[in-house]
Amino acid sequence: MSMVTYIGLNFPVEINDDYTEEDVNITYVFSESEDRQIVKNQHFTTLFVYELETKGDYIWDMHNDKKILSPHNYEKSKRTFLEVCDFLKKVLPKGDYYIFAGTGKGRRIVRKN
């Protein structure tokens, strides 16, 4: 079983199928079109749904239990989340928003630029 972080955007983004040294990539590694459509219908209001690949620790490990039980790993996940935010600042048009939904604990984060 794979854990996937999805991101919803209102604009198309180039899919990166090749390996890169970038900290954050938009990909389709684990899901088929039908899988993304199901996720979109259940969790998103955006026009497009993508997989979000990060080189750091899992974003969904950034929760209160991890903060108490494993502060070091919580901080690593927090750094990954901030790398994703920096990435999105570059691609997100002014006034638009994004939605994260991880398949881990069903967490959902909405941020507006």
# chains A, B, ... in the order shown; residues from 1 in each chain; ligands from 1
>>> select_by_dssp(residues="chain A", states="strand (DSSP E)", output="PyMOL selection string")
chain A and resi 5-9+24-27+48-54+97-102+108-112
>>> write_last_selection(atoms="N, CA and C atoms", output="mmCIF file, in the first residue's frame")
data_model
loop_
_atom_site.group_PDB
_atom_site.id
_atom_site.type_symbol
_atom_site.label_atom_id
_atom_site.label_comp_id
_atom_site.auth_asym_id
_atom_site.auth_seq_id
_atom_site.Cartn_x
_atom_site.Cartn_y
_atom_site.Cartn_z
ATOM 1 N N THR A 5 -0.070 11.917 -1.349
ATOM 2 C CA THR A 5 -0.579 13.250 -1.055
ATOM 3 C C THR A 5 -1.085 13.833 -2.357
ATOM 4 N N TYR A 6 -2.346 14.199 -2.369
ATOM 5 C CA TYR A 6 -2.947 14.824 -3.541
ATOM 6 C C TYR A 6 -3.020 16.319 -3.319
ATOM 7 N N ILE A 7 -2.984 17.041 -4.407
ATOM 8 C CA ILE A 7 -3.164 18.485 -4.349
ATOM 9 C C ILE A 7 -4.176 18.873 -5.422
ATOM 10 N N GLY A 8 -5.087 19.747 -5.055
ATOM 11 C CA GLY A 8 -6.073 20.248 -5.998
ATOM 12 C C GLY A 8 -5.732 21.666 -6.411
ATOM 13 N N LEU A 9 -5.754 21.895 -7.714
ATOM 14 C CA LEU A 9 -5.467 23.221 -8.274
ATOM 15 C C LEU A 9 -6.536 23.585 -9.289
ATOM 16 N N VAL A 24 10.147 19.292 -4.614
ATOM 17 C CA VAL A 24 8.721 19.061 -4.803
ATOM 18 C C VAL A 24 8.448 18.863 -6.284
ATOM 19 N N ASN A 25 7.634 17.855 -6.592
ATOM 20 C CA ASN A 25 7.234 17.598 -7.981
ATOM 21 C C ASN A 25 5.747 17.278 -8.048
ATOM 22 N N ILE A 26 5.143 17.611 -9.166
ATOM 23 C CA ILE A 26 3.771 17.222 -9.475
ATOM 24 C C ILE A 26 3.880 15.999 -10.385
ATOM 25 N N THR A 27 3.264 14.889 -9.969
ATOM 26 C CA THR A 27 3.435 13.635 -10.707
ATOM 27 C C THR A 27 2.126 12.850 -10.790
ATOM 28 N N PHE A 48 -8.527 20.507 -11.091
ATOM 29 C CA PHE A 48 -7.507 19.498 -11.369
ATOM 30 C C PHE A 48 -7.000 18.887 -10.065
ATOM 31 N N VAL A 49 -6.660 17.599 -10.121
ATOM 32 C CA VAL A 49 -6.084 16.891 -8.974
ATOM 33 C C VAL A 49 -4.798 16.222 -9.433
ATOM 34 N N TYR A 50 -3.738 16.415 -8.642
ATOM 35 C CA TYR A 50 -2.429 15.861 -8.960
ATOM 36 C C TYR A 50 -1.863 15.157 -7.738
ATOM 37 N N GLU A 51 -0.863 14.311 -7.973
ATOM 38 C CA GLU A 51 -0.090 13.745 -6.873
ATOM 39 C C GLU A 51 1.054 14.700 -6.575
ATOM 40 N N LEU A 52 1.341 14.849 -5.308
ATOM 41 C CA LEU A 52 2.416 15.723 -4.875
ATOM 42 C C LEU A 52 3.541 14.853 -4.334
ATOM 43 N N GLU A 53 4.683 14.893 -5.001
ATOM 44 C CA GLU A 53 5.839 14.110 -4.581
ATOM 45 C C GLU A 53 6.846 15.033 -3.906
ATOM 46 N N THR A 54 7.294 14.633 -2.725
ATOM 47 C CA THR A 54 8.292 15.425 -2.002
ATOM 48 C C THR A 54 9.488 14.544 -1.655
ATOM 49 N N TYR A 97 -6.308 29.366 -4.935
ATOM 50 C CA TYR A 97 -6.068 28.574 -3.737
ATOM 51 C C TYR A 97 -5.687 27.153 -4.111
ATOM 52 N N TYR A 98 -5.194 26.417 -3.116
ATOM 53 C CA TYR A 98 -4.883 25.010 -3.310
ATOM 54 C C TYR A 98 -5.453 24.226 -2.140
ATOM 55 N N ILE A 99 -5.632 22.924 -2.361
ATOM 56 C CA ILE A 99 -6.132 22.031 -1.324
ATOM 57 C C ILE A 99 -5.225 20.812 -1.281
ATOM 58 N N PHE A 100 -4.764 20.433 -0.088
ATOM 59 C CA PHE A 100 -4.044 19.180 0.107
ATOM 60 C C PHE A 100 -5.021 18.162 0.668
ATOM 61 N N ALA A 101 -4.896 16.932 0.254
ATOM 62 C CA ALA A 101 -5.627 15.837 0.891
ATOM 63 C C ALA A 101 -4.735 14.613 0.863
ATOM 64 N N GLY A 102 -4.334 14.145 2.012
ATOM 65 C CA GLY A 102 -3.508 12.948 2.091
ATOM 66 C C GLY A 102 -4.372 11.733 2.336
ATOM 67 N N ARG A 108 -7.058 17.519 5.476
ATOM 68 C CA ARG A 108 -7.301 18.434 4.376
ATOM 69 C C ARG A 108 -6.845 19.816 4.793
ATOM 70 N N ILE A 109 -6.055 20.454 3.952
ATOM 71 C CA ILE A 109 -5.538 21.783 4.243
ATOM 72 C C ILE A 109 -5.883 22.675 3.054
ATOM 73 N N VAL A 110 -6.481 23.815 3.314
ATOM 74 C CA VAL A 110 -6.818 24.756 2.262
ATOM 75 C C VAL A 110 -6.078 26.060 2.549
ATOM 76 N N ARG A 111 -5.386 26.585 1.547
ATOM 77 C CA ARG A 111 -4.675 27.856 1.694
ATOM 78 C C ARG A 111 -4.956 28.719 0.467
ATOM 79 N N LYS A 112 -5.096 29.996 0.697
ATOM 80 C CA LYS A 112 -5.322 30.945 -0.388
ATOM 81 C C LYS A 112 -4.097 31.813 -0.547
#
>>> atom_distance(atom1="atom CA of A:Trp60", atom2="atom CA of A:Tyr74")
9.5 Å
>>> atom_distance(atom1="atom CA of A:Arg36", atom2="atom CA of A:Glu75")
29.3 Å
>>> select_by_dssp(residues="chain A", states="alpha helix (DSSP H)", output="JSON, numbers by chain")
{"A": [33, 34, 35, 36, 37, 38, 39, 40, 41, 42, 43, 64, 65, 66, 67, 68, 69, 71, 72, 73, 74, 75, 76, 77, 78, 79, 80, 81, 82, 83, 84, 85, 86, 87, 88, 89, 90, 91]}
